[in-house]
file input27.txt (compact mmCIF, N, CA and C atoms)
# COMPACT_ATOMS: atom_id res chain seq x y z
N MET A 1 -43.72 -19.33 6.41
CA MET A 1 -43.23 -20.65 6.12
C MET A 1 -42.01 -20.99 6.95
N ALA A 2 -41.07 -20.09 7.04
CA ALA A 2 -39.86 -20.36 7.82
C ALA A 2 -39.40 -19.12 8.56
N CYS A 3 -40.33 -18.21 8.82
CA CYS A 3 -39.95 -16.95 9.47
C CYS A 3 -39.40 -17.18 10.87
N PHE A 4 -39.81 -18.28 11.51
CA PHE A 4 -39.34 -18.56 12.87
C PHE A 4 -37.85 -18.90 12.90
N LEU A 5 -37.26 -19.26 11.76
CA LEU A 5 -35.84 -19.59 11.73
C LEU A 5 -34.95 -18.37 11.99
N VAL A 6 -35.43 -17.19 11.63
CA VAL A 6 -34.66 -15.97 11.88
C VAL A 6 -34.56 -15.73 13.39
N SER A 7 -35.69 -15.82 14.08
CA SER A 7 -35.68 -15.65 15.53
C SER A 7 -34.90 -16.77 16.20
N ALA A 8 -34.96 -17.97 15.64
CA ALA A 8 -34.19 -19.09 16.20
C ALA A 8 -32.70 -18.83 16.08
N ALA A 9 -32.27 -18.30 14.96
CA ALA A 9 -30.85 -17.98 14.78
C ALA A 9 -30.42 -16.90 15.76
N GLU A 10 -31.25 -15.86 15.93
CA GLU A 10 -30.92 -14.81 16.90
C GLU A 10 -30.89 -15.39 18.32
N ALA A 11 -31.83 -16.29 18.62
CA ALA A 11 -31.88 -16.88 19.96
C ALA A 11 -30.63 -17.70 20.25
N VAL A 12 -30.12 -18.40 19.26
CA VAL A 12 -28.89 -19.19 19.45
C VAL A 12 -27.72 -18.25 19.76
N VAL A 13 -27.60 -17.18 19.01
CA VAL A 13 -26.50 -16.23 19.21
C VAL A 13 -26.63 -15.57 20.58
N VAL A 14 -27.83 -15.12 20.94
CA VAL A 14 -28.04 -14.44 22.22
C VAL A 14 -27.80 -15.40 23.38
N THR A 15 -28.19 -16.65 23.23
CA THR A 15 -27.94 -17.63 24.29
C THR A 15 -26.44 -17.80 24.52
N ALA A 16 -25.67 -17.86 23.45
CA ALA A 16 -24.21 -17.97 23.60
C ALA A 16 -23.63 -16.74 24.27
N VAL A 17 -24.09 -15.56 23.88
CA VAL A 17 -23.61 -14.32 24.49
C VAL A 17 -24.01 -14.26 25.96
N GLU A 18 -25.22 -14.72 26.26
CA GLU A 18 -25.69 -14.73 27.65
C GLU A 18 -24.81 -15.61 28.52
N LYS A 19 -24.48 -16.81 28.02
CA LYS A 19 -23.63 -17.72 28.80
C LYS A 19 -22.24 -17.12 29.01
N ASN A 20 -21.72 -16.43 28.00
CA ASN A 20 -20.42 -15.78 28.12
C ASN A 20 -20.49 -14.65 29.15
N ALA A 21 -21.55 -13.86 29.12
CA ALA A 21 -21.72 -12.77 30.08
C ALA A 21 -21.87 -13.32 31.49
N GLU A 22 -22.57 -14.44 31.63
CA GLU A 22 -22.73 -15.07 32.94
C GLU A 22 -21.39 -15.49 33.52
N LYS A 23 -20.53 -16.05 32.67
CA LYS A 23 -19.20 -16.46 33.13
C LYS A 23 -18.37 -15.27 33.59
N LYS A 24 -18.48 -14.16 32.87
CA LYS A 24 -17.71 -12.97 33.24
C LYS A 24 -18.21 -12.36 34.54
N GLU A 25 -19.51 -12.50 34.80
CA GLU A 25 -20.09 -11.90 36.01
C GLU A 25 -19.91 -12.78 37.24
N CYS A 26 -19.58 -14.03 37.04
CA CYS A 26 -19.47 -14.96 38.16
C CYS A 26 -18.23 -14.67 38.99
N LYS A 27 -18.39 -14.82 40.29
CA LYS A 27 -17.25 -14.74 41.19
C LYS A 27 -16.60 -16.11 41.24
N HIS A 28 -15.59 -16.24 42.03
CA HIS A 28 -14.89 -17.51 42.14
C HIS A 28 -15.73 -18.58 42.83
N ASP A 29 -16.69 -18.18 43.65
CA ASP A 29 -17.51 -19.17 44.33
C ASP A 29 -18.67 -19.66 43.48
N GLY A 30 -18.84 -19.14 42.27
CA GLY A 30 -19.85 -19.64 41.35
C GLY A 30 -21.17 -18.91 41.36
N HIS A 31 -21.32 -17.91 42.20
CA HIS A 31 -22.57 -17.16 42.24
C HIS A 31 -22.46 -15.92 41.37
N VAL A 32 -23.58 -15.53 40.78
CA VAL A 32 -23.59 -14.35 39.94
C VAL A 32 -23.50 -13.12 40.83
N GLU A 33 -22.62 -12.23 40.48
CA GLU A 33 -22.44 -11.00 41.23
C GLU A 33 -23.57 -10.04 40.86
N VAL A 34 -24.35 -9.63 41.84
CA VAL A 34 -25.47 -8.74 41.59
C VAL A 34 -25.21 -7.43 42.31
N LYS A 35 -25.11 -6.37 41.55
CA LYS A 35 -24.95 -5.06 42.15
C LYS A 35 -26.31 -4.57 42.58
N GLU A 36 -26.36 -3.84 43.66
CA GLU A 36 -27.63 -3.41 44.22
C GLU A 36 -28.34 -2.41 43.33
N THR A 37 -27.61 -1.64 42.57
CA THR A 37 -28.24 -0.57 41.80
C THR A 37 -28.31 -0.87 40.30
N LYS A 38 -27.99 -2.09 39.91
CA LYS A 38 -27.99 -2.40 38.49
C LYS A 38 -28.35 -3.86 38.24
N ILE A 39 -29.15 -4.09 37.21
CA ILE A 39 -29.51 -5.45 36.82
C ILE A 39 -28.37 -6.00 35.95
N PRO A 40 -27.88 -7.19 36.25
CA PRO A 40 -26.77 -7.74 35.46
C PRO A 40 -27.17 -7.98 34.00
N LEU A 41 -26.21 -7.83 33.12
CA LEU A 41 -26.44 -8.01 31.69
C LEU A 41 -26.91 -9.43 31.39
N SER A 42 -26.37 -10.40 32.10
CA SER A 42 -26.76 -11.79 31.84
C SER A 42 -28.24 -12.01 32.12
N ARG A 43 -28.77 -11.36 33.14
CA ARG A 43 -30.20 -11.49 33.44
C ARG A 43 -31.04 -10.83 32.36
N LYS A 44 -30.59 -9.68 31.86
CA LYS A 44 -31.32 -9.01 30.78
C LYS A 44 -31.29 -9.86 29.51
N LEU A 45 -30.15 -10.46 29.22
CA LEU A 45 -30.06 -11.31 28.04
C LEU A 45 -30.93 -12.56 28.19
N LYS A 46 -31.08 -13.04 29.41
CA LYS A 46 -31.95 -14.19 29.66
C LYS A 46 -33.40 -13.82 29.32
N TRP A 47 -33.81 -12.59 29.63
CA TRP A 47 -35.15 -12.14 29.25
C TRP A 47 -35.33 -12.20 27.75
N LEU A 48 -34.31 -11.75 27.02
CA LEU A 48 -34.38 -11.76 25.56
C LEU A 48 -34.43 -13.20 25.04
N THR A 49 -33.66 -14.09 25.62
CA THR A 49 -33.70 -15.47 25.15
C THR A 49 -35.06 -16.09 25.41
N TYR A 50 -35.67 -15.77 26.55
CA TYR A 50 -37.02 -16.28 26.83
C TYR A 50 -38.01 -15.76 25.79
N LEU A 51 -37.94 -14.49 25.46
CA LEU A 51 -38.82 -13.92 24.44
C LEU A 51 -38.61 -14.62 23.10
N LEU A 52 -37.36 -14.76 22.70
CA LEU A 52 -37.06 -15.34 21.40
C LEU A 52 -37.43 -16.82 21.32
N TRP A 53 -37.00 -17.61 22.30
CA TRP A 53 -37.31 -19.04 22.26
C TRP A 53 -38.81 -19.28 22.39
N GLY A 54 -39.50 -18.48 23.16
CA GLY A 54 -40.96 -18.61 23.26
C GLY A 54 -41.64 -18.32 21.93
N GLY A 55 -41.19 -17.27 21.26
CA GLY A 55 -41.73 -16.95 19.95
C GLY A 55 -41.43 -18.03 18.93
N VAL A 56 -40.22 -18.57 18.97
CA VAL A 56 -39.84 -19.64 18.04
C VAL A 56 -40.73 -20.87 18.26
N ALA A 57 -40.92 -21.25 19.52
CA ALA A 57 -41.74 -22.42 19.82
C ALA A 57 -43.18 -22.22 19.34
N MET A 58 -43.72 -21.04 19.60
CA MET A 58 -45.10 -20.77 19.21
C MET A 58 -45.24 -20.77 17.68
N LEU A 59 -44.31 -20.13 16.98
CA LEU A 59 -44.39 -20.07 15.52
C LEU A 59 -44.11 -21.44 14.89
N ALA A 60 -43.18 -22.19 15.44
CA ALA A 60 -42.90 -23.52 14.91
C ALA A 60 -44.14 -24.41 15.05
N PHE A 61 -44.80 -24.34 16.20
CA PHE A 61 -46.03 -25.10 16.40
C PHE A 61 -47.09 -24.70 15.38
N GLU A 62 -47.23 -23.40 15.15
CA GLU A 62 -48.22 -22.91 14.19
C GLU A 62 -47.90 -23.41 12.79
N HIS A 63 -46.63 -23.40 12.41
CA HIS A 63 -46.25 -23.87 11.07
C HIS A 63 -46.42 -25.39 10.94
N ILE A 64 -46.17 -26.12 12.00
CA ILE A 64 -46.41 -27.57 11.98
C ILE A 64 -47.91 -27.84 11.86
N TRP A 65 -48.69 -27.08 12.60
CA TRP A 65 -50.15 -27.25 12.59
C TRP A 65 -50.72 -27.05 11.19
N HIS A 66 -50.18 -26.08 10.46
CA HIS A 66 -50.68 -25.80 9.11
C HIS A 66 -49.98 -26.63 8.03
N GLY A 67 -49.12 -27.55 8.41
CA GLY A 67 -48.50 -28.45 7.47
C GLY A 67 -47.35 -27.85 6.68
N GLU A 68 -46.81 -26.73 7.13
CA GLU A 68 -45.70 -26.09 6.42
C GLU A 68 -44.36 -26.69 6.83
N VAL A 69 -44.32 -27.37 7.95
CA VAL A 69 -43.12 -28.07 8.41
C VAL A 69 -43.48 -29.54 8.49
N THR A 70 -42.64 -30.39 7.90
CA THR A 70 -42.92 -31.82 7.87
C THR A 70 -41.80 -32.59 8.55
N PRO A 71 -42.08 -33.82 8.98
CA PRO A 71 -41.04 -34.61 9.66
C PRO A 71 -40.07 -35.31 8.71
N PHE A 72 -40.17 -35.06 7.43
CA PHE A 72 -39.28 -35.70 6.46
C PHE A 72 -38.61 -34.64 5.60
N PHE A 73 -37.50 -35.03 4.98
CA PHE A 73 -36.72 -34.10 4.17
C PHE A 73 -37.57 -33.56 3.04
N PRO A 74 -37.54 -32.30 2.73
CA PRO A 74 -36.66 -31.22 3.16
C PRO A 74 -37.19 -30.44 4.36
N PHE A 75 -38.13 -30.99 5.11
CA PHE A 75 -38.67 -30.46 6.36
C PHE A 75 -39.55 -29.23 6.17
N LEU A 76 -39.25 -28.41 5.21
CA LEU A 76 -40.10 -27.24 4.91
C LEU A 76 -40.76 -27.48 3.56
N THR A 77 -42.08 -27.39 3.50
CA THR A 77 -42.78 -27.64 2.24
C THR A 77 -42.39 -26.63 1.18
N ALA A 78 -41.92 -25.47 1.58
CA ALA A 78 -41.52 -24.44 0.63
C ALA A 78 -40.24 -24.80 -0.11
N MET A 79 -39.51 -25.80 0.35
CA MET A 79 -38.26 -26.17 -0.30
C MET A 79 -38.48 -27.18 -1.43
N ASN A 80 -39.74 -27.52 -1.71
CA ASN A 80 -40.02 -28.50 -2.76
C ASN A 80 -39.81 -27.94 -4.16
N SER A 81 -39.99 -26.64 -4.33
CA SER A 81 -39.79 -26.05 -5.66
C SER A 81 -39.03 -24.73 -5.52
N PRO A 82 -38.30 -24.33 -6.55
CA PRO A 82 -37.54 -23.08 -6.48
C PRO A 82 -38.44 -21.84 -6.30
N GLU A 83 -39.64 -21.88 -6.89
CA GLU A 83 -40.56 -20.74 -6.74
C GLU A 83 -40.98 -20.58 -5.28
N ASP A 84 -41.32 -21.70 -4.65
CA ASP A 84 -41.71 -21.65 -3.24
C ASP A 84 -40.53 -21.26 -2.35
N ALA A 85 -39.34 -21.70 -2.71
CA ALA A 85 -38.15 -21.38 -1.92
C ALA A 85 -37.87 -19.88 -1.96
N SER A 86 -38.01 -19.27 -3.13
CA SER A 86 -37.78 -17.82 -3.20
C SER A 86 -38.82 -17.06 -2.39
N GLU A 87 -40.06 -17.55 -2.38
CA GLU A 87 -41.09 -16.92 -1.55
C GLU A 87 -40.76 -17.08 -0.07
N MET A 88 -40.23 -18.25 0.29
CA MET A 88 -39.86 -18.49 1.68
C MET A 88 -38.73 -17.56 2.13
N PHE A 89 -37.73 -17.39 1.28
CA PHE A 89 -36.62 -16.50 1.63
C PHE A 89 -37.09 -15.05 1.72
N ARG A 90 -38.02 -14.67 0.88
CA ARG A 90 -38.58 -13.31 0.95
C ARG A 90 -39.34 -13.12 2.27
N GLU A 91 -40.10 -14.15 2.64
CA GLU A 91 -40.83 -14.09 3.91
C GLU A 91 -39.88 -14.02 5.10
N MET A 92 -38.80 -14.80 5.04
CA MET A 92 -37.81 -14.76 6.12
C MET A 92 -37.18 -13.37 6.21
N ALA A 93 -36.90 -12.76 5.05
CA ALA A 93 -36.24 -11.45 5.04
C ALA A 93 -37.17 -10.34 5.50
N THR A 94 -38.45 -10.48 5.28
CA THR A 94 -39.37 -9.41 5.66
C THR A 94 -40.02 -9.70 7.01
N VAL A 95 -40.81 -10.76 7.07
CA VAL A 95 -41.56 -11.08 8.28
C VAL A 95 -40.64 -11.55 9.40
N GLY A 96 -39.74 -12.47 9.09
CA GLY A 96 -38.84 -13.02 10.12
C GLY A 96 -37.94 -11.97 10.74
N VAL A 97 -37.32 -11.16 9.89
CA VAL A 97 -36.45 -10.09 10.41
C VAL A 97 -37.27 -9.06 11.16
N GLY A 98 -38.45 -8.73 10.64
CA GLY A 98 -39.32 -7.77 11.33
C GLY A 98 -39.73 -8.23 12.71
N MET A 99 -40.07 -9.51 12.83
CA MET A 99 -40.45 -10.04 14.15
C MET A 99 -39.26 -10.04 15.11
N ALA A 100 -38.09 -10.42 14.61
CA ALA A 100 -36.90 -10.44 15.46
C ALA A 100 -36.55 -9.03 15.93
N VAL A 101 -36.65 -8.06 15.04
CA VAL A 101 -36.37 -6.66 15.41
C VAL A 101 -37.39 -6.17 16.42
N LEU A 102 -38.66 -6.50 16.21
CA LEU A 102 -39.71 -6.08 17.14
C LEU A 102 -39.48 -6.67 18.52
N LEU A 103 -39.18 -7.97 18.59
CA LEU A 103 -38.92 -8.59 19.90
C LEU A 103 -37.71 -7.98 20.59
N THR A 104 -36.68 -7.70 19.82
CA THR A 104 -35.49 -7.08 20.41
C THR A 104 -35.80 -5.67 20.88
N GLY A 105 -36.64 -4.95 20.15
CA GLY A 105 -37.05 -3.61 20.58
C GLY A 105 -37.88 -3.65 21.85
N VAL A 106 -38.79 -4.60 21.94
CA VAL A 106 -39.60 -4.77 23.16
C VAL A 106 -38.68 -5.09 24.34
N TRP A 107 -37.70 -5.95 24.11
CA TRP A 107 -36.74 -6.28 25.16
C TRP A 107 -35.95 -5.04 25.59
N GLY A 108 -35.54 -4.23 24.63
CA GLY A 108 -34.83 -2.99 24.97
C GLY A 108 -35.68 -2.07 25.83
N GLY A 109 -36.97 -1.97 25.50
CA GLY A 109 -37.88 -1.18 26.33
C GLY A 109 -38.04 -1.76 27.72
N MET A 110 -38.13 -3.08 27.80
CA MET A 110 -38.22 -3.74 29.11
C MET A 110 -37.00 -3.43 29.96
N CYS A 111 -35.83 -3.50 29.34
CA CYS A 111 -34.59 -3.23 30.07
C CYS A 111 -34.53 -1.79 30.55
N ALA A 112 -34.95 -0.85 29.70
CA ALA A 112 -34.94 0.56 30.09
C ALA A 112 -35.87 0.81 31.26
N VAL A 113 -37.07 0.24 31.20
CA VAL A 113 -38.04 0.42 32.30
C VAL A 113 -37.52 -0.24 33.57
N ALA A 114 -36.97 -1.45 33.46
CA ALA A 114 -36.45 -2.14 34.64
C ALA A 114 -35.31 -1.37 35.28
N ASP A 115 -34.41 -0.82 34.45
CA ASP A 115 -33.30 -0.03 35.00
C ASP A 115 -33.81 1.22 35.72
N ARG A 116 -34.83 1.86 35.16
CA ARG A 116 -35.40 3.04 35.83
C ARG A 116 -36.02 2.68 37.17
N ILE A 117 -36.73 1.56 37.20
CA ILE A 117 -37.35 1.13 38.46
C ILE A 117 -36.30 0.83 39.51
N VAL A 118 -35.26 0.11 39.12
CA VAL A 118 -34.19 -0.22 40.07
C VAL A 118 -33.49 1.05 40.54
N LYS A 119 -33.24 1.97 39.64
CA LYS A 119 -32.57 3.22 40.02
C LYS A 119 -33.46 4.04 40.95
N ARG A 120 -34.76 4.09 40.65
CA ARG A 120 -35.68 4.85 41.50
C ARG A 120 -35.73 4.25 42.90
N GLU A 121 -35.79 2.91 42.99
CA GLU A 121 -35.80 2.25 44.29
C GLU A 121 -34.50 2.49 45.05
N SER A 122 -33.39 2.48 44.32
CA SER A 122 -32.09 2.73 44.94
C SER A 122 -32.01 4.17 45.46
N ASP A 123 -32.51 5.11 44.66
CA ASP A 123 -32.50 6.51 45.09
C ASP A 123 -33.38 6.73 46.32
N SER A 124 -34.55 6.06 46.36
CA SER A 124 -35.44 6.24 47.51
C SER A 124 -34.84 5.63 48.77
N GLU A 125 -34.11 4.50 48.62
CA GLU A 125 -33.44 3.89 49.78
C GLU A 125 -32.32 4.80 50.28
N THR A 126 -31.61 5.45 49.37
CA THR A 126 -30.53 6.36 49.74
C THR A 126 -31.09 7.55 50.49
N LYS A 127 -32.23 8.08 50.05
CA LYS A 127 -32.85 9.23 50.72
C LYS A 127 -33.34 8.84 52.11
N GLU A 128 -33.87 7.62 52.25
CA GLU A 128 -34.34 7.18 53.55
C GLU A 128 -33.19 7.02 54.54
N GLU A 129 -32.04 6.58 54.05
CA GLU A 129 -30.88 6.40 54.92
C GLU A 129 -30.33 7.72 55.40
N THR A 130 -30.43 8.77 54.58
CA THR A 130 -29.89 10.08 54.97
C THR A 130 -30.83 10.83 55.89
N VAL A 131 -32.09 10.46 55.92
CA VAL A 131 -33.07 11.19 56.74
C VAL A 131 -33.05 10.72 58.15

call {"tool": "encode", "arguments": {"input": "input27.txt", "output": "structure tokens"}}
result
Amino acid sequence: MACFLVSAAEAVVVTAVEKNAEKKECKHDGHVEVKETKIPLSRKLKWLTYLLWGGVAMLAFEHIWHGEVTPFFPFLTAMNSPEDASEMFREMATVGVGMAVLLTGVWGGMCAVADRIVKRESDSETKEETV
């Protein structure tokens, strides 16, 4: 019913952190400083925001399609009665948090694999230069 709101909240926080990290990585000329052997944190956070916002958009569309989200107050059909509201909060606590944790875990795996690939490429370039 409203499980996408958990991922939306995480996406808002991660987007703010990403923008802050981008500012810290920027040089005075406005370009992002990219080290040859490491992927910048802002780029990794951008991957996470894409995952989260994409999931939010897809789930919001699905909930609109099934009539669980309406264009009038209270916007969520589950907010019409206290019984439905408690079910919605339970769903947000279980399904919503579970999806957000899963997406963040997938992102962590993506970052680990990407760092290994970059490090391996950097090591192979170093070996070629010494030969």

call {"tool": "closest_residue", "arguments": {"input": "input27.txt", "among": "A:Lys19, A:Met99, A:Trp107, A:Ala9", "to": "Trp47 of chain A", "atoms": "all atoms listed in the file"}}
result
A:Trp107

call {"tool": "residues_around", "arguments": {"input": "input27.txt", "residues": "Ala11 of chain A", "least_positions_apart": "2", "cutoff": "7 Å", "atoms": "all atoms listed in the file", "output": "ChimeraX atom specification"}}
result
/A:6-9,13-16,48-49,52-53

call {"tool": "closest_residue", "arguments": {"input": "input27.txt", "among": "A:Ala21, A:Ala78, A:Val101, A:Ile39", "to": "Asp115 of chain A", "atoms": "only N, CA and C atoms"}}
result
A:Ile39

call {"tool": "atom_distance", "arguments": {"input": "input27.txt", "atom1": "atom CA of Tyr50 of chain A", "atom2": "atom CA of Arg116 of chain A"}}
result
21.4 Å

call {"tool": "atom_distance", "arguments": {"input": "input27.txt", "atom1": "atom C of Arg90 of chain A", "atom2": "atom N of Phe4 of chain A"}}
result
10.6 Å

call {"tool": "atom_distance", "arguments": {"input": "input27.txt", "atom1": "atom CA of Met88 of chain A", "atom2": "atom CA of Ala2 of chain A"}}
result
6.4 Å

call {"tool": "select_by_dssp", "arguments": {"input": "input27.txt", "residues": "chain A", "states": "alpha helix (DSSP H)", "output": "ChimeraX atom specification"}}
result
/A:4-25,41-65,82-91,97-130

call {"tool": "select_by_dssp", "arguments": {"input": "input27.txt", "residues": "segment 5-130 of chain A", "states": "strand (DSSP E or B)", "output": "list in words"}}
result
Cys26, Val32, Val69 and Leu76 of chain A
